[in-house]
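This report refers to the structure that appears directly beneath it.
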Amino acid sequence: MSFTRRRFIQAAGAAATAAAFPAAAQAEPIRLGLVTVKTGPLASGGIDMERALTQYLKERNDTLAGRKVELLVADGGGVPAQTRTKIQELVERDRIHLMIGPLDTASALAADDYIRQAQLLTLSVAAAEDMTQRKPNPWFTRGTSTSSQSAMPLADYAAKQLKYKRMAVIADDIAYGHEMCAGFMRVFEDAGGKVVQRMFPPLTVPDYGTYLAQLKTNIDSIFLGFAGSNGFRFLRQMNEYGLIKKMAPIGGMTALDEAVLRNMGDEALGIITSCWYSAEIDNPINQKFASSFRSQWKYDPGFYAAATYTEAAVLEATLNQIKGRVEDKPAFMKAVRSVKVDSCRGPVSFDQYGNVVGNVYIRRVVRKEGRLVNSVIHTYPNVSQFWTYKPEEFLKNPVYSRDWPPAKNLES
Amino acid sequence: MQYWAIQTLNSLALGGLLFLLAAGFSLIFGLMRIANLTHGALFMLGAYIGVSVMRQWPNLWFAALAAGAAVAIFGGLLERFILRQIGGNVLGQVLVTLGVSFIIADACLLTWGGDPIPIPTPPLLQMPVRIGSFIFPAYRLAVVGIAVVVAIALYLLMERTRLGAMIRAGVDDPQMASAVGIPVSRLFSTVFCLGAALAGAGGVIGGPILSAYPGLDADMLPLALIVVILGGAGSLLGAFVGAFITGFVYTFGVALLPDLAYVILFLPMILVIAFRPRGLFGKFAA
């Protein structure tokens, strides 16, 4: 390498700057973008994301790893194109260093190529499987779970502990619902059970009456893969038809979220769901988080609040490891893949694809101090996105979908 | 056999609900010739107002009346102070109603939050009805009954009262109606209030089945459009028949051809548009 004059001046200048202002880089705050949803049908979770993240930063006096953190919040509305524009705005106008978000899978997929192009450090809560599997984005880290990461342990629990043999599955007709049901079905059938009925109602179905009338009665239970308000509406209608008494449904990580639970009645009692979080998890970090969240907002934190609170903990641990130098992107990504951090959801670490390895909790709805809560009845420790399958073999298969794995035991 | 009975009841229940939703939409469409795109939002607003009323006075029927009245007033203001300003500009009016529906949706989000809120079923109707070994929710049967009662009341209003005669005249030929001295402008306000009231009350009556949640507006509006295009704008009979056809087609279509769940609702509508553009009972092409 020839040492030209220009290079010399650059090097000298850099050295001089570093000597004169040792904390120059540190003085500037870390600009953290939160891309969430504050309008439209997904707003409930999106607002919780902001509340929990604000709480985390406030508890640390807006300082992580010795640097001030400036939070910039953008509302993508749950609309992929709008979310992408907002992210671009945050990067190019506000020059954020990193992003937490977006909330929904479709928006995450829409932003995927921009994240690659801008090399934007991303801590996401969106569940799209392939973003950390067959098409891993090198700048993308997920601290929550893939679609099926919480459903696969539930299938194991249903087959081995609850001794269910025959089940139906029902989920929203979107990738998230397909992936969840596929993971559930694979593990349940590998453990000896049979999925004998499968239904995917459209996301905006007006009424579940026609699906409930089709539901088989000679089954042990039904798995609910709903998100948002759909699980709530399905359960209420199931109760209307007197079906909850006949078969206890079990649900995925968004079927009976704390956000939905607070408006439900006794029909929810006893229902078992699985998730990587519950407001009832008994660890000191969560007790502090949940109780101060509850005292401020008068309700329990759920999936989305815990998601950003966890991501913030991952962020802080990573920044501590690289001494706050968020500008060094490769170092950040290397560090974030190797951190081990205790968070409100329990111990968290990451696999080489950027996806979380953490506990998954089996929870049962009980009444406690007058309100309904998801009490933890069983813990699957350190669950990876591949469940107990070998990653290489798992990745050789197609991504979970409506068609894979094939449903062998459906009865018409 | 029993399965078919249950699905028939489901179809009737959905049809009844759709009639409550679409009747007001059809009236406004027929008279004013604008697709009132706030209709879904008014339905949702009604449901949320019902939620608040029922927290004070837990009676669904009272809540439905109160929400109907409140939404009627809102609709009247909307017509008088916004739509009237751009009278004659039909495209502009439709766009304005779309804009107002967004405003209503976010105002609801701000006021009632983003979580789904249940509307309790009246205690008397919580007992399910037993049909063979299957049980059917009594409330859904009640919804069919309510839809029929509302349909009869609207029929009497349209066919037996002076107001009804004026509305019919306005639907048939607005120019001629105003030429013979019918106060068409006042009629517009009245019909808009009536349509809004039906939407608001419908939101509460549908509440125990649908709940109040953000997005209810966008879920409901296309259904109202389908029913009215199928039945024909401005025709009460059209809304009634269209609602029940839609209820049956949807319920059985989804059960028998699950892969067509997305198009099944639109198939009858497309056939009607292709072969009878004014709808089954409509007076003019929508």
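For the structure tokens, the naming scheme is as follows: chains receive sequential letters (A, B, ...) according to their order of presentation, residues are indexed from 1 within each chain, and ligands are indexed from 1 in presentation order.
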Write down as JSON, numbers by chain the residues of stretch 81-195 of chain B whose backbone DSSP state falls under strand (DSSP E or B).
{"B": [117, 129, 130, 131, 134, 135, 136]}
Go ahead and dump the residues you just picked, N, CA and C atoms, as a short mmCIF file (atom, residue, chain, number, x, y, z; two decimals), in the first residue's frame.
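Once everything was written out, this is again_32.cif:
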```
data_model
loop_
_atom_site.label_atom_id
_atom_site.label_comp_id
_atom_site.auth_asym_id
_atom_site.auth_seq_id
_atom_site.Cartn_x
_atom_site.Cartn_y
_atom_site.Cartn_z
N ILE B 117 -63.41 -4.39 22.32
CA ILE B 117 -64.26 -4.29 23.50
C ILE B 117 -65.53 -5.08 23.24
N VAL B 129 -80.22 -21.88 22.13
CA VAL B 129 -81.36 -22.71 21.75
C VAL B 129 -80.83 -24.07 21.33
N ARG B 130 -81.50 -25.11 21.76
CA ARG B 130 -81.03 -26.46 21.45
C ARG B 130 -81.70 -26.98 20.17
N ILE B 131 -80.88 -27.41 19.23
CA ILE B 131 -81.43 -28.00 18.00
C ILE B 131 -80.76 -29.33 17.82
N PHE B 134 -76.96 -30.03 18.63
CA PHE B 134 -76.22 -28.79 18.44
C PHE B 134 -76.98 -27.66 19.10
N ILE B 135 -76.25 -26.64 19.57
CA ILE B 135 -76.95 -25.51 20.12
C ILE B 135 -76.67 -24.28 19.28
N PHE B 136 -77.65 -23.42 19.19
CA PHE B 136 -77.53 -22.22 18.38
C PHE B 136 -77.77 -21.02 19.28
#
```
Find the residues of chain B in contact range of chain A, meaning any atom within 7 Å when counting only C-alpha atoms, and list them as a ChimeraX atom specification.
/B:3,6-7,10,106,113-118,135-137,209-210,214-215,219,251,255
Using N, CA and C atoms, can you export the residues from the last selection as a short mmCIF file (atom, residue, chain, number, x, y, z; two decimals), in the first residue's frame?
```
data_model
loop_
_atom_site.label_atom_id
_atom_site.label_comp_id
_atom_site.auth_asym_id
_atom_site.auth_seq_id
_atom_site.Cartn_x
_atom_site.Cartn_y
_atom_site.Cartn_z
N TYR B 3 -76.49 -30.25 10.32
CA TYR B 3 -75.48 -29.32 9.84
C TYR B 3 -76.10 -28.27 8.91
N ILE B 6 -78.17 -25.80 10.87
CA ILE B 6 -77.35 -24.81 11.56
C ILE B 6 -76.83 -23.76 10.58
N GLN B 7 -76.35 -24.24 9.43
CA GLN B 7 -75.81 -23.29 8.45
C GLN B 7 -76.90 -22.39 7.90
N ASN B 10 -77.33 -19.82 10.46
CA ASN B 10 -76.20 -18.91 10.37
C ASN B 10 -76.39 -17.91 9.24
N ASP B 106 -59.91 7.18 13.50
CA ASP B 106 -58.83 7.53 14.43
C ASP B 106 -59.34 8.21 15.69
N GLY B 113 -59.44 3.52 22.62
CA GLY B 113 -58.25 2.68 22.64
C GLY B 113 -58.29 1.62 21.55
N GLY B 114 -57.22 0.87 21.43
CA GLY B 114 -57.07 -0.05 20.31
C GLY B 114 -57.52 -1.47 20.59
N ASP B 115 -57.92 -1.76 21.81
CA ASP B 115 -58.27 -3.16 22.11
C ASP B 115 -59.72 -3.44 21.79
N PRO B 116 -60.01 -4.66 21.37
CA PRO B 116 -61.41 -5.00 21.11
C PRO B 116 -62.22 -4.95 22.40
N ILE B 117 -63.41 -4.39 22.32
CA ILE B 117 -64.26 -4.29 23.50
C ILE B 117 -65.53 -5.08 23.24
N PRO B 118 -65.85 -6.02 24.11
CA PRO B 118 -67.07 -6.80 23.89
C PRO B 118 -68.31 -5.98 24.24
N ILE B 135 -76.25 -26.64 19.57
CA ILE B 135 -76.95 -25.51 20.12
C ILE B 135 -76.67 -24.28 19.28
N PHE B 136 -77.65 -23.42 19.19
CA PHE B 136 -77.53 -22.22 18.38
C PHE B 136 -77.77 -21.02 19.28
N PRO B 137 -76.94 -19.95 19.13
CA PRO B 137 -77.09 -18.80 20.02
C PRO B 137 -78.43 -18.10 19.81
N ILE B 209 -72.25 -9.87 18.61
CA ILE B 209 -71.63 -10.84 17.71
C ILE B 209 -70.24 -10.37 17.28
N LEU B 210 -70.14 -9.09 16.91
CA LEU B 210 -68.91 -8.60 16.28
C LEU B 210 -67.93 -7.97 17.26
N PRO B 214 -61.04 -1.57 16.44
CA PRO B 214 -60.56 -0.75 15.33
C PRO B 214 -60.47 -1.63 14.08
N GLY B 215 -61.00 -1.14 12.97
CA GLY B 215 -61.02 -1.97 11.77
C GLY B 215 -62.41 -2.50 11.46
N ASP B 219 -64.08 -3.48 7.79
CA ASP B 219 -64.63 -4.81 7.57
C ASP B 219 -66.07 -4.73 7.07
N THR B 251 -72.19 -17.89 3.78
CA THR B 251 -72.13 -18.98 4.75
C THR B 251 -71.92 -20.32 4.07
N ALA B 255 -68.35 -22.67 3.48
CA ALA B 255 -68.37 -24.04 4.01
C ALA B 255 -68.10 -25.05 2.91
#
```
One decimal, Å: what's the distance from atom CA of B:Leu20 over to atom CA of B:Ala199, could you say?
7.1 Å
B:Leu225 surroundings by only C-alpha atoms, 10 Å radius, close-in-sequence under 6 positions cut, as a list in words
Leu21, Ala22, Phe25, Ser26, Phe29, Ala35, Asn36, Leu37, His39, Gly40, Gly231, Ala233 and Met269 of chain B
Run DSSP on the backbone and tell me which residues of stretch 21-224 of chain B come out as helix (DSSP H, G or I); list them as a ChimeraX atom specification.
/B:21-32,39-56,60-86,90-112,123-125,138-160,162-172,174-179,184-210,216-224
Excluding A:Leu72 and residues on its chain fewer than 3 positions from it, collect all residues at most 8 Å away from it, counting only C-alpha atoms, and give them as a PDB file with N, CA and C atoms, in the first residue's frame.
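Wrote it out as part_24.pdb, contents follow:
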```
ATOM      1  N   ARG A  31     -29.024   7.882  18.112  1.00  0.00           N
ATOM      2  CA  ARG A  31     -30.385   8.130  17.622  1.00  0.00           C
ATOM      3  C   ARG A  31     -31.048   6.793  17.319  1.00  0.00           C
ATOM      4  N   LEU A  32     -32.065   6.476  18.137  1.00  0.00           N
ATOM      5  CA  LEU A  32     -32.753   5.192  18.040  1.00  0.00           C
ATOM      6  C   LEU A  32     -34.127   5.408  17.420  1.00  0.00           C
ATOM      7  N   GLY A  33     -34.382   4.770  16.304  1.00  0.00           N
ATOM      8  CA  GLY A  33     -35.693   4.885  15.672  1.00  0.00           C
ATOM      9  C   GLY A  33     -36.605   3.757  16.127  1.00  0.00           C
ATOM     10  N   LEU A  34     -37.829   4.103  16.489  1.00  0.00           N
ATOM     11  CA  LEU A  34     -38.836   3.076  16.762  1.00  0.00           C
ATOM     12  C   LEU A  34     -39.887   3.165  15.667  1.00  0.00           C
ATOM     13  N   LEU A  90     -36.461   8.133   8.474  1.00  0.00           N
ATOM     14  CA  LEU A  90     -35.684   8.082   9.712  1.00  0.00           C
ATOM     15  C   LEU A  90     -34.191   7.954   9.408  1.00  0.00           C
TER      16      LEU A  90
END
```
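The gap separating atom CA of A:Ala317 from atom CA of A:Ser291 is 22.7 Å, in Å to one decimal.
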Which residue is closest to B:Leu12? Choose from B:Ala165, B:Val241, B:Leu223, B:Leu236 and count only C-alpha atoms.
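Checking each candidate against B:Leu12, we get B:Val241 as the closest.
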Find the distance between atom CA of A:Ala108 and atom CA of A:Glu392 and write it in Å to one decimal.
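So the answer is 24.6 Å.
Nearest residue to A:Val326 among A:His97, A:Arg67, A:Lys86, A:Lys165 is A:His97, counting only C-alpha atoms.
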For a quick check of understanding, using only C-alpha atoms, which of B:Val204, B:Leu109, B:Leu78, B:Leu156 has the smallest distance to B:Thr121?
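Using only C-alpha atoms, B:Thr121 sits closest to B:Val204.
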For stretch 273-282 of chain B, find every residue with an atom within 9 Å (counting only C-alpha atoms), except residues of its own chain fewer than 3 positions away, and show them as number ranges by chain.
B: 30, 228-239, 241-242, 268-270, 285-286
Could you pull the residues within 10 Å of B:Val53, counting only C-alpha atoms, minus those fewer than 3 positions along the same chain, as a PyMOL selection string?
chain B and resi 47-50+56-60+62-64+66-67
Selection export as a compact mmCIF listing (two decimals), in the first residue's frame, atoms kept: C-alpha atoms:
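Heads up, here's the output in part_25.txt:
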```txt
# COMPACT_ATOMS: atom_id res chain seq x y z
CA ALA B 47 -70.87 0.25 18.42
CA TYR B 48 -68.42 2.30 20.49
CA ILE B 49 -71.10 4.71 21.70
CA GLY B 50 -73.09 1.63 22.65
CA GLN B 56 -73.73 3.46 32.57
CA TRP B 57 -76.99 1.72 31.73
CA PRO B 58 -76.44 -1.93 30.88
CA ASN B 59 -79.35 -2.34 28.49
CA LEU B 60 -78.60 -3.21 24.89
CA PHE B 62 -81.53 1.43 25.16
CA ALA B 63 -77.91 1.63 24.03
CA ALA B 64 -78.97 0.93 20.45
CA ALA B 66 -79.04 6.15 22.14
CA ALA B 67 -76.29 5.30 19.67
```
Could you give me, as an NGL selection string, the residues within 8 Å of B:Phe248, counting only C-alpha atoms and dropping anything in the same chain fewer than 6 positions from it?
:B and (8 or 11-12 or 15)
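Taking only C-alpha atoms into account, B:Ala218 lies nearest to B:Met44 out of the set B:Ile103, B:Met1, B:Phe19, B:Met44.
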